[in-house]
Each structure stands twice: as C-alpha cells, then as structure tokens.
>>> print(open('query-v4.pdb').read())   # PDB, C-alpha atoms
MODEL        1
ATOM      1  CA  MET A  20       0.000   0.000   0.000
ATOM      2  CA  ILE A  21       1.491   3.313  -1.129
ATOM      3  CA  ARG A  22       0.164   6.391   0.621
ATOM      4  CA  ILE A  23       0.405   9.976  -0.597
ATOM      5  CA  SER A  24       0.572  12.520   2.221
ATOM      6  CA  ARG A  25      -1.012  15.925   1.744
ATOM      7  CA  GLY A  26       1.145  17.398   4.507
ATOM      8  CA  ILE A  27       4.397  16.164   2.957
ATOM      9  CA  ILE A  28       3.407  17.613  -0.420
ATOM     10  CA  LYS A  29       2.842  21.015   1.173
ATOM     11  CA  LEU A  30       6.090  20.827   3.139
ATOM     12  CA  ALA A  31       8.107  19.762   0.114
ATOM     13  CA  ARG A  32       6.746  22.590  -2.003
ATOM     14  CA  GLY A  33       7.259  25.074   0.817
ATOM     15  CA  GLN A  34      10.901  24.017   1.215
ATOM     16  CA  GLY A  35      11.687  24.304  -2.489
ATOM     17  CA  SER A  36      11.273  20.684  -3.569
ATOM     18  CA  ASN A  37       8.997  19.728  -6.446
ATOM     19  CA  LEU A  38       6.598  16.849  -6.973
ATOM     20  CA  GLU A  39       9.169  14.923  -9.003
ATOM     21  CA  ASP A  40      11.363  14.821  -5.886
ATOM     22  CA  TYR A  41       8.365  13.556  -3.937
ATOM     23  CA  ARG A  42       7.758  10.825  -6.524
ATOM     24  CA  TYR A  43      11.306   9.521  -5.998
ATOM     25  CA  TYR A  44      10.707   9.759  -2.261
ATOM     26  CA  CYS A  45       7.522   7.659  -2.471
ATOM     27  CA  ILE A  46       9.325   5.015  -4.517
ATOM     28  CA  ALA A  47      12.199   4.847  -2.030
ATOM     29  CA  ARG A  48       9.903   4.738   1.014
ATOM     30  CA  HIS A  49       7.807   1.979  -0.520
ATOM     31  CA  HIS A  50      10.657  -0.328  -1.493
ATOM     32  CA  TYR A  51      13.138   0.373   1.302
ATOM     33  CA  ALA A  52      10.757   0.777   4.241
ATOM     34  CA  LEU A  53      12.072  -2.392   5.917
ATOM     35  CA  ARG A  54      15.580  -0.896   5.764
ATOM     36  CA  SER A  55      14.565   2.428   7.351
ATOM     37  CA  GLY A  56      14.483   3.988   3.888
ATOM     38  CA  ILE A  57      18.224   3.473   3.305
ATOM     39  CA  PHE A  58      19.465   2.822  -0.230
ATOM     40  CA  SER A  59      22.434   3.289  -2.538
ATOM     41  CA  LEU A  60      22.328   5.044  -5.893
ATOM     42  CA  ASP A  61      23.073   1.833  -7.799
ATOM     43  CA  GLU A  62      20.247   0.022  -6.004
ATOM     44  CA  PHE A  63      17.858   2.846  -6.789
ATOM     45  CA  CYS A  64      18.863   2.891 -10.459
ATOM     46  CA  ASP A  65      18.319  -0.882 -10.677
ATOM     47  CA  LEU A  66      14.891  -0.443  -9.102
ATOM     48  CA  LEU A  67      13.858   2.324 -11.492
ATOM     49  CA  HIS A  68      15.029   0.267 -14.457
ATOM     50  CA  SER A  69      13.316  -2.976 -13.452
ATOM     51  CA  GLU A  70       9.994  -1.665 -12.118
ATOM     52  CA  TYR A  71       9.480   1.919 -13.304
ATOM     53  CA  GLU A  72      10.365   1.800 -17.003
ATOM     54  CA  TYR A  73      13.645   3.723 -16.879
ATOM     55  CA  ALA A  74      15.052   1.899 -19.904
ATOM     56  CA  SER A  75      18.323   3.848 -20.046
ATOM     57  CA  LEU A  76      19.392   2.763 -16.547
ATOM     58  CA  HIS A  77      20.476  -0.734 -17.596
ATOM     59  CA  ARG A  78      23.960  -2.013 -16.721
ATOM     60  CA  LYS A  79      25.091  -2.653 -20.288
ATOM     61  CA  PRO A  80      27.468  -0.361 -22.215
ATOM     62  CA  GLY A  81      25.813   2.836 -23.406
ATOM     63  CA  ASN A  82      23.612   3.326 -20.351
ATOM     64  CA  ASP A  83      22.773   6.686 -18.811
ATOM     65  CA  ARG A  84      23.390   5.716 -15.192
ATOM     66  CA  THR A  85      26.307   8.083 -14.556
ATOM     67  CA  ARG A  86      24.493  11.199 -15.728
ATOM     68  CA  PHE A  87      21.273  10.167 -13.990
ATOM     69  CA  LYS A  88      23.078   9.547 -10.688
ATOM     70  CA  GLN A  89      24.715  12.972 -10.902
ATOM     71  CA  ARG A  90      21.310  14.570 -11.360
ATOM     72  CA  LEU A  91      19.814  12.428  -8.585
ATOM     73  CA  VAL A  92      22.558  13.444  -6.136
ATOM     74  CA  LYS A  93      21.770  17.126  -6.756
ATOM     75  CA  ILE A  94      18.085  16.451  -6.095
ATOM     76  CA  ILE A  95      18.777  14.526  -2.884
ATOM     77  CA  GLN A  96      21.235  17.067  -1.504
ATOM     78  CA  LYS A  97      18.799  19.943  -2.004
ATOM     79  CA  SER A  98      15.657  18.151  -0.861
ATOM     80  CA  MET A  99      14.401  17.941   2.718
ATOM     81  CA  LEU A 100      12.927  14.533   1.866
ATOM     82  CA  PHE A 101      16.311  12.774   1.814
ATOM     83  CA  ALA A 102      19.464  12.651   3.918
ATOM     84  CA  GLU A 103      23.001  11.625   2.976
ATOM     85  CA  LEU A 104      24.639   9.071   5.270
ATOM     86  CA  LEU A 105      28.307   8.856   6.249
ATOM     87  CA  ASP A 106      28.878   5.619   4.318
ATOM     88  CA  GLY A 107      27.826   7.210   1.011
ATOM     89  CA  ARG A 108      24.314   5.814   0.990
ATOM     90  CA  TYR A 109      21.132   7.844   1.257
ATOM     91  CA  LYS A 110      17.994   7.744   3.349
ATOM     92  CA  ALA A 111      14.397   8.683   2.653
ATOM     93  CA  ASN A 112      13.400  10.500   5.842
ATOM     94  CA  SER A 113      10.336   9.339   7.752
ATOM     95  CA  GLU A 114       7.091  11.226   7.208
ATOM     96  CA  LYS A 115       6.508  11.604  10.939
ATOM     97  CA  GLY A 116       9.966  13.086  11.422
ATOM     98  CA  LEU A 117       9.502  15.533   8.564
ATOM     99  CA  LEU A 118       6.126  16.695   9.836
ATOM    100  CA  SER A 119       7.409  17.088  13.401
ATOM    101  CA  ARG A 120      10.481  19.014  12.305
ATOM    102  CA  TYR A 121       9.020  21.346   9.708
ATOM    103  CA  ASN A 122       5.374  21.550  10.775
ATOM    104  CA  LYS A 123       5.830  22.940  14.300
ATOM    105  CA  GLY A 124       5.401  19.600  16.019
ATOM    106  CA  HIS A 125       2.178  18.608  14.265
ATOM    107  CA  ASN A 126       3.004  15.153  12.929
ATOM    108  CA  LYS A 127      -0.419  14.163  11.608
ATOM    109  CA  SER A 128      -1.448  14.608   8.011
ATOM    110  CA  MET A 129      -4.159  13.405   5.650
ATOM    111  CA  TRP A 130      -3.092  10.593   3.328
ATOM    112  CA  TYR A 131      -4.583   8.876   0.285
ATOM    113  CA  VAL A 132      -3.747   5.411  -1.017
ATOM    114  CA  LEU A 133      -2.582   5.090  -4.608
ATOM    115  CA  PRO A 134      -5.097   2.818  -6.365
ATOM    116  CA  ASP A 135      -2.392   1.492  -8.684
ATOM    117  CA  LYS A 136       1.371   1.315  -8.253
ATOM    118  CA  LYS A 137       1.767   2.154 -11.955
ATOM    119  CA  ILE A 138       0.853   5.761 -11.153
ATOM    120  CA  LEU A 139       4.395   6.149  -9.805
ATOM    121  CA  THR A 140       5.707   5.237 -13.254
ATOM    122  CA  SER A 141       4.060   8.239 -14.913
ATOM    123  CA  LYS A 142       5.108  11.755 -13.915
ATOM    124  CA  LYS A 143       1.856  13.132 -15.319
ATOM    125  CA  GLU A 144      -0.426  10.707 -13.474
ATOM    126  CA  PHE A 145       1.476  11.150 -10.220
ATOM    127  CA  PHE A 146       1.171  14.927 -10.492
ATOM    128  CA  ASP A 147      -2.568  14.569 -11.137
ATOM    129  CA  PHE A 148      -2.953  12.414  -8.032
ATOM    130  CA  CYS A 149      -1.045  14.908  -5.881
ATOM    131  CA  VAL A 150      -3.315  17.706  -7.104
ATOM    132  CA  GLY A 151      -6.329  15.588  -6.185
ATOM    133  CA  SER A 152      -4.870  15.004  -2.715
ATOM    134  CA  LEU A 153      -4.499  18.739  -2.173
ATOM    135  CA  LEU A 154      -8.040  19.508  -3.327
ATOM    136  CA  ALA A 155      -9.930  16.612  -1.723
ATOM    137  CA  GLY A 156     -12.007  16.886   1.427
ATOM    138  CA  GLY A 157     -15.007  18.940   0.358
ATOM    139  CA  ARG A 158     -13.311  22.288   0.992
ATOM    140  CA  PHE A 159     -13.761  25.297  -1.273
ATOM    141  CA  GLN A 160     -10.405  25.955  -2.945
ATOM    142  CA  ALA A 161      -9.638  27.998  -6.017
ATOM    143  CA  ASN A 162      -7.586  26.381  -8.776
ATOM    144  CA  LYS A 163      -5.447  29.515  -8.831
ATOM    145  CA  ASN A 164      -4.228  28.897  -5.269
ATOM    146  CA  ILE A 165      -3.367  25.258  -5.976
ATOM    147  CA  ALA A 166      -1.599  26.288  -9.193
ATOM    148  CA  GLU A 167       0.595  28.723  -7.252
ATOM    149  CA  GLN A 168       1.282  26.066  -4.632
ATOM    150  CA  CYS A 169       2.346  23.522  -7.270
ATOM    151  CA  GLY A 170       4.193  26.020  -9.462
ATOM    152  CA  VAL A 171       2.135  25.362 -12.600
ATOM    153  CA  SER A 172      -0.574  27.090 -14.617
ATOM    154  CA  VAL A 173      -4.272  27.074 -13.742
ATOM    155  CA  ARG A 174      -4.921  25.196 -16.982
ATOM    156  CA  ARG A 175      -2.655  22.364 -15.800
ATOM    157  CA  ILE A 176      -4.643  22.090 -12.553
ATOM    158  CA  GLN A 177      -7.896  21.997 -14.524
ATOM    159  CA  PHE A 178      -6.466  19.224 -16.676
ATOM    160  CA  ALA A 179      -5.485  17.244 -13.570
ATOM    161  CA  THR A 180      -8.884  17.604 -11.892
ATOM    162  CA  SER A 181     -10.635  16.589 -15.104
ATOM    163  CA  ARG A 182      -8.530  13.424 -15.411
ATOM    164  CA  ASN A 183      -9.019  12.580 -11.731
ATOM    165  CA  SER A 184     -12.777  12.929 -11.997
ATOM    166  CA  LYS A 185     -12.838  10.853 -15.178
ATOM    167  CA  ASN A 186     -10.785   8.121 -13.487
ATOM    168  CA  LYS A 187     -13.093   8.231 -10.422
ATOM    169  CA  THR A 188     -10.236   8.828  -7.982
ATOM    170  CA  PHE A 189     -11.180  12.360  -6.918
ATOM    171  CA  ILE A 190     -14.724  13.113  -8.037
ATOM    172  CA  LYS A 191     -15.543  16.693  -8.936
ATOM    173  CA  ARG A 192     -18.682  18.416  -7.665
ATOM    174  CA  TYR A 193     -19.875  21.599  -9.350
ATOM    175  CA  ASN A 194     -21.123  24.189  -6.871
ATOM    176  CA  PHE A 195     -23.581  26.934  -7.749
ATOM    177  CA  LEU A 196     -24.596  29.952  -5.695
ATOM    178  CA  GLU A 197     -28.235  31.009  -5.860
ATOM    179  CA  ASP A 198     -28.983  34.640  -5.096
ATOM    180  CA  PHE A 199     -31.224  36.963  -7.110
ATOM    181  CA  SER A 200     -34.689  35.694  -8.064
ATOM    182  CA  GLY A 201     -37.552  37.077 -10.106
ATOM    183  CA  THR A 202     -39.164  36.781 -13.494
ATOM    184  CA  SER A 203     -37.320  35.469 -16.507
ATOM    185  CA  LYS A 204     -36.710  39.006 -17.814
ATOM    186  CA  ASP A 205     -35.450  40.252 -14.435
ATOM    187  CA  VAL A 206     -33.030  37.377 -14.149
ATOM    188  CA  GLU A 207     -31.688  37.823 -17.684
ATOM    189  CA  LYS A 208     -31.267  41.551 -17.053
ATOM    190  CA  PHE A 209     -29.285  40.850 -13.882
ATOM    191  CA  ARG A 210     -27.079  38.344 -15.725
ATOM    192  CA  ALA A 211     -26.470  40.888 -18.490
ATOM    193  CA  ILE A 212     -25.374  43.504 -15.943
ATOM    194  CA  LEU A 213     -22.966  41.040 -14.354
ATOM    195  CA  PHE A 214     -21.411  40.204 -17.703
ATOM    196  CA  ASN A 215     -21.330  43.661 -19.307
ATOM    197  CA  ALA A 216     -20.365  45.675 -16.233
ATOM    198  CA  HIS A 217     -18.107  43.181 -14.465
ATOM    199  CA  GLY A 218     -17.188  40.480 -16.981
ATOM    200  CA  ILE A 219     -18.736  37.784 -14.773
ATOM    201  CA  SER A 220     -20.359  34.970 -16.718
ATOM    202  CA  SER A 221     -23.046  32.932 -14.987
ATOM    203  CA  PRO A 222     -24.611  29.513 -15.641
ATOM    204  CA  LEU A 223     -28.138  29.194 -16.935
ATOM    205  CA  PRO A 224     -30.718  30.205 -14.293
ATOM    206  CA  ARG A 225     -32.794  27.635 -12.456
ATOM    207  CA  LYS A 226     -36.571  27.570 -12.670
ATOM    208  CA  THR A 227     -38.533  27.145  -9.448
ATOM    209  CA  LYS A 228     -42.194  27.207  -8.496
ATOM    210  CA  LYS A 229     -41.892  30.886  -7.566
ATOM    211  CA  GLY A 230     -39.990  31.987 -10.667
ATOM    212  CA  TRP A 231     -36.377  32.007 -11.812
ATOM    213  CA  VAL A 232     -33.178  32.094  -9.756
ATOM    214  CA  VAL A 233     -29.784  33.435 -10.837
ATOM    215  CA  ARG A 234     -26.941  30.962 -10.384
ATOM    216  CA  LEU A 235     -23.323  32.019  -9.876
ATOM    217  CA  ASN A 236     -20.230  29.862 -10.134
ATOM    218  CA  ALA A 237     -18.574  28.824  -6.876
ATOM    219  CA  PRO A 238     -15.281  26.921  -6.499
ATOM    220  CA  ASN A 239     -15.626  23.220  -7.203
ATOM    221  CA  THR A 240     -15.144  20.685  -4.432
ATOM    222  CA  TYR A 241     -13.679  17.196  -4.700
ATOM    223  CA  ARG A 242     -14.427  13.914  -2.961
ATOM    224  CA  ALA A 243     -11.860  11.131  -2.636
ATOM    225  CA  ASN A 244     -13.165   7.828  -3.950
ATOM    226  CA  LEU A 245     -10.421   5.711  -2.384
ATOM    227  CA  LEU A 246      -9.006   4.690   0.976
ATOM    228  CA  CYS A 247      -7.779   7.629   3.015
ATOM    229  CA  GLY A 248      -6.968   8.521   6.589
ATOM    230  CA  VAL A 249      -4.773  10.581   8.890
ATOM    231  CA  LYS A 250      -1.106   9.797   9.481
ATOM    232  CA  GLY A 251      -0.887   8.217  12.924
ATOM    233  CA  ASP A 252      -4.545   7.156  12.966
ATOM    234  CA  ARG A 253      -6.564   4.350  11.438
ATOM    235  CA  ALA A 254      -8.137   4.643   8.003
ATOM    236  CA  GLN A 255     -11.057   7.041   8.048
ATOM    237  CA  PRO A 256     -14.446   6.852   6.321
ATOM    238  CA  LEU A 257     -14.893   9.009   3.249
ATOM    239  CA  VAL A 258     -16.623  12.008   4.796
ATOM    240  CA  VAL A 259     -16.843  15.626   3.718
ATOM    241  CA  ASN A 260     -15.598  18.231   6.162
ATOM    242  CA  VAL A 261     -18.093  21.058   6.475
ATOM    243  CA  SER A 262     -17.205  24.319   8.179
ATOM    244  CA  LYS A 263     -19.432  25.854  10.815
ATOM    245  CA  LYS A 264     -22.136  28.100   9.408
ATOM    246  CA  GLU A 265     -20.790  31.175  11.154
ATOM    247  CA  GLU A 266     -17.381  30.597   9.511
ATOM    248  CA  SER A 267     -18.333  29.429   6.020
ATOM    249  CA  TRP A 268     -18.847  31.849   3.153
ATOM    250  CA  PHE A 269     -21.622  29.678   1.733
ATOM    251  CA  ILE A 270     -24.519  27.736   3.256
ATOM    252  CA  PRO A 271     -26.181  24.735   1.589
ATOM    253  CA  ALA A 272     -29.500  25.669   0.020
ATOM    254  CA  PHE A 273     -32.495  24.301   1.903
ATOM    255  CA  GLU A 274     -33.772  21.096   0.343
ATOM    256  CA  THR A 275     -36.215  18.456   1.501
ATOM    257  CA  GLY A 276     -37.439  15.031   0.494
ATOM    258  CA  LYS A 277     -36.354  13.576  -2.809
ATOM    259  CA  SER A 278     -34.451  16.680  -3.918
ATOM    260  CA  LYS A 279     -32.251  16.490  -0.801
ATOM    261  CA  LEU A 280     -31.485  12.815  -1.434
ATOM    262  CA  VAL A 281     -30.564  13.542  -5.045
ATOM    263  CA  SER A 282     -28.394  16.501  -4.015
ATOM    264  CA  ASP A 283     -26.358  14.415  -1.572
ATOM    265  CA  TYR A 284     -25.211  12.067  -4.348
ATOM    266  CA  SER A 285     -25.219  14.291  -7.426
ATOM    267  CA  ASP A 286     -22.324  16.049  -9.123
ATOM    268  CA  GLU A 287     -23.924  19.438  -8.470
ATOM    269  CA  LYS A 288     -24.632  21.264  -5.222
ATOM    270  CA  ARG A 289     -26.748  24.347  -4.513
ATOM    271  CA  TRP A 290     -25.524  27.008  -2.073
ATOM    272  CA  ILE A 291     -26.543  30.453  -0.859
ATOM    273  CA  PHE A 292     -24.434  33.301   0.496
ATOM    274  CA  ASN A 293     -23.779  33.503   4.229
ATOM    275  CA  ASP A 294     -24.402  37.252   4.306
ATOM    276  CA  ASN A 295     -22.848  37.654   7.753
ATOM    277  CA  VAL A 296     -19.498  36.534   6.340
ATOM    278  CA  TYR A 297     -19.603  36.899   2.556
ATOM    279  CA  SER A 298     -22.205  38.714   0.466
ATOM    280  CA  THR A 299     -23.103  39.135  -3.199
ATOM    281  CA  ASN A 300     -21.359  42.514  -3.304
ATOM    282  CA  ARG A 301     -18.091  40.990  -2.130
ATOM    283  CA  TYR A 302     -18.457  38.195  -4.667
ATOM    284  CA  ILE A 303     -18.811  40.767  -7.443
ATOM    285  CA  GLN A 304     -15.848  42.796  -6.154
ATOM    286  CA  ASP A 305     -13.630  39.712  -5.934
ATOM    287  CA  ASN A 306     -14.554  38.369  -9.377
ATOM    288  CA  SER A 307     -15.067  41.542 -11.386
ATOM    289  CA  LYS A 308     -12.628  41.982 -14.259
ATOM    290  CA  PHE A 309     -13.095  45.744 -14.371
ATOM    291  CA  MET A 310     -12.946  46.756 -10.700
ATOM    292  CA  SER A 311      -9.511  47.486  -9.268
TER     293      SER A 311
ENDMDL
END
>>> encode(input="query-v4.pdb", output="structure tokens")
Amino acid sequence: MIRISRGIIKLARGQGSNLEDYRYYCIARHHYALRSGIFSLDEFCDLLHSEYEYASLHRKPGNDRTRFKQRLVKIIQKSMLFAELLDGRYKANSEKGLLSRYNKGHNKSMWYVLPDKKILTSKKEFFDFCVGSLLAGGRFQANKNIAEQCGVSVRRIQFATSRNSKNKTFIKRYNFLEDFSGTSKDVEKFRAILFNAHGISSPLPRKTKKGWVVRLNAPNTYRANLLCGVKGDRAQPLVVNVSKKEESWFIPAFETGKSKLVSDYSDEKRWIFNDNVYSTNRYIQDNSKFMS
C-alpha cells in the first residue's frame, strides 16, 4: 500500500522541492521501508530500471546511469525529503519526522492510497494524483491557489482535476450559488449587468415554483473515492468536512425530500451566500474583471 501525504506535499513545495522529488521519495519509502528507507544510488537505479520503465538505466554499455546519478545526487542534496549518510548511501526520511520538524510539532497529516502502483511510473499521473490530494475533502479551494502552490498554470490544474474525476479517484462536484430571483426578464437583465459591467459569466438560471433564480459559479469541491486517513490514525471513512455556518462563506440551500437525497449524491450542489461573512457585493468585487 502506497500512501500519498497531503502534509508532505505542502512541506516539500514550501521548502523548495517539487513533486518529481516527492515521486522519488515515495518510490524509495515503498521499497526500502524495511531498511529504514536506506538505499544506494546503484540500487535505486536498478529499481527504477526494473519496475518503473527507466530503460536507459540498464547495466550494459551505453547506459545513462552516470548522468542520472549525478542529477539524482543534486536532487537529494537539495531536498528535505532525503538525507546523505556517512557511508555514502542515502535515506528517505520518515514522514513523521519531517512533519514534526518542519510543521511545528504537528506530525499528523491526511493521506490517500494510490489505487495502482503504476501511477508512480508516470510523472503526469502522479502529479494529477497529488493535485487531487491537495483539493480533496469537500473544501472550497480555487484552482489559482493550488496552481501557485504547485508552481504550474491554472490550466494544468484543470487538466489534472478533469482526469481525476474521469478516473473516479477524486470526483468533482460543481457548486452553484443562488442569489437573485424574479421573473425570466429580471433574471436575464441581472445576468447581463454582471457580464457587461463586471465580466462575470453565470450559468443558466434555475426555474422554481416561484420563478427564476440566478446561479453564480462557486469553487468546485472534490471527494476522494479511495481509501484515506490521517497519518498516525486508522483509516477514516470518506466524509466531507463542512465548516461551521458562522465561519463558512456559503450555506447549503435548503432542500427536503427527494431533492435532498438527489443533491447528496449528485455532481452538483446548490448554495446560498452567508451574508454575515460573505455577500453578493463581495463576490462581485472579488470576481469583477473591471474593478480594481
């Protein structure tokens, strides 16, 4: 079982390491766990060649082992994830030790189990899974913030979340805010003002028994569809963490009966503004393309 730690990802990025360093770390921790994470460069090259499709790391003439080991040494020496030992070997540091040292004594972190070991073979798939780990948990998070945290573009994060949702590892839920209501003409007029005056596009309005309701885009949330838990604790059930109403910007729209049952398991969720914390005016100010 290979576990991806959200806390280690954040620490690694905060200390200047990238997700490729973390991929090597996960491989080393998985295969050398019974040896306290200790390995030599030749052993690691043999492992990458035999199990992770590094074809150029063979032992025959014409291999690329020397150049790869030089690059790997630079990665290990700069990364907080590894340590160099006195005998010339290297060690993949323990997750608990890293969290305790760099996370102010808090050594617990959310983890997610890789559904397939082959994900470690692909840099792209591993990056996608790490993005899913950062976004999972039912919290509202903007793709822009995750993109800055991972050092990539927003489009790359969108690509990762799309692939994760398609593969059913981290399922995407589209969230919509419902605010202004009225007749069809009133709603279309309000949507036109949002777009023309602020550059804010909105989804199609929703029809109710009392008329039409304007819907606004809210950050998507993601649910892990695999085994997960907290480092140091047993595996946890797949639950969604919901903030207290007085703290959350948005409150779930009131639903009853069949509509509530459908909402709990659908890919869309209706919300309303928690006006005591975050209002429509602030939403417009934060998302307007023409307001400084």
>>> resolve_selection(input="query-v4.pdb", expression="the PyMOL selection byres ((chain A and resi 213-230) around 6)", output="PDB file with C-alpha atoms, in the frame of the given file")
ATOM      1  CA  GLY A 201     -37.552  37.077 -10.106  1.00  0.00           C
ATOM      2  CA  THR A 202     -39.164  36.781 -13.494  1.00  0.00           C
ATOM      3  CA  ARG A 210     -27.079  38.344 -15.725  1.00  0.00           C
ATOM      4  CA  ALA A 211     -26.470  40.888 -18.490  1.00  0.00           C
ATOM      5  CA  ILE A 212     -25.374  43.504 -15.943  1.00  0.00           C
ATOM      6  CA  TRP A 231     -36.377  32.007 -11.812  1.00  0.00           C
ATOM      7  CA  VAL A 232     -33.178  32.094  -9.756  1.00  0.00           C
ATOM      8  CA  VAL A 233     -29.784  33.435 -10.837  1.00  0.00           C
ATOM      9  CA  ARG A 234     -26.941  30.962 -10.384  1.00  0.00           C
ATOM     10  CA  LEU A 235     -23.323  32.019  -9.876  1.00  0.00           C
ATOM     11  CA  SER A 307     -15.067  41.542 -11.386  1.00  0.00           C
ATOM     12  CA  LYS A 308     -12.628  41.982 -14.259  1.00  0.00           C
ATOM     13  CA  PHE A 309     -13.095  45.744 -14.371  1.00  0.00           C
TER      14      PHE A 309
END
>>> closest_residue(input="query-v4.pdb", among="A:Asn112, A:Ser24, A:Ser36, A:Gln168", to="Phe58 in chain A", atoms="all atoms listed in the file")
A:Asn112
>>> closest_residue(input="query-v4.pdb", among="A:Ile291, A:Leu133, A:Val296, A:Leu67", to="Ile270 in chain A", atoms="all atoms listed in the file")
A:Ile291
>>> resolve_selection(input="query-v4.pdb", expression="the PyMOL selection byres ((chain A and resi 148-164) around 9)", output="ChimeraX atom specification")
/A:23-26,28-29,38,129-131,133,138,143-147,165-169,172-174,176-177,179-180,183,188-190,192,237-243,257-262
>>> atom_distance(input="query-v4.pdb", atom1="CA of Glu266 in chain A", atom2="CA of Tyr302 in chain A")
16.1 Å
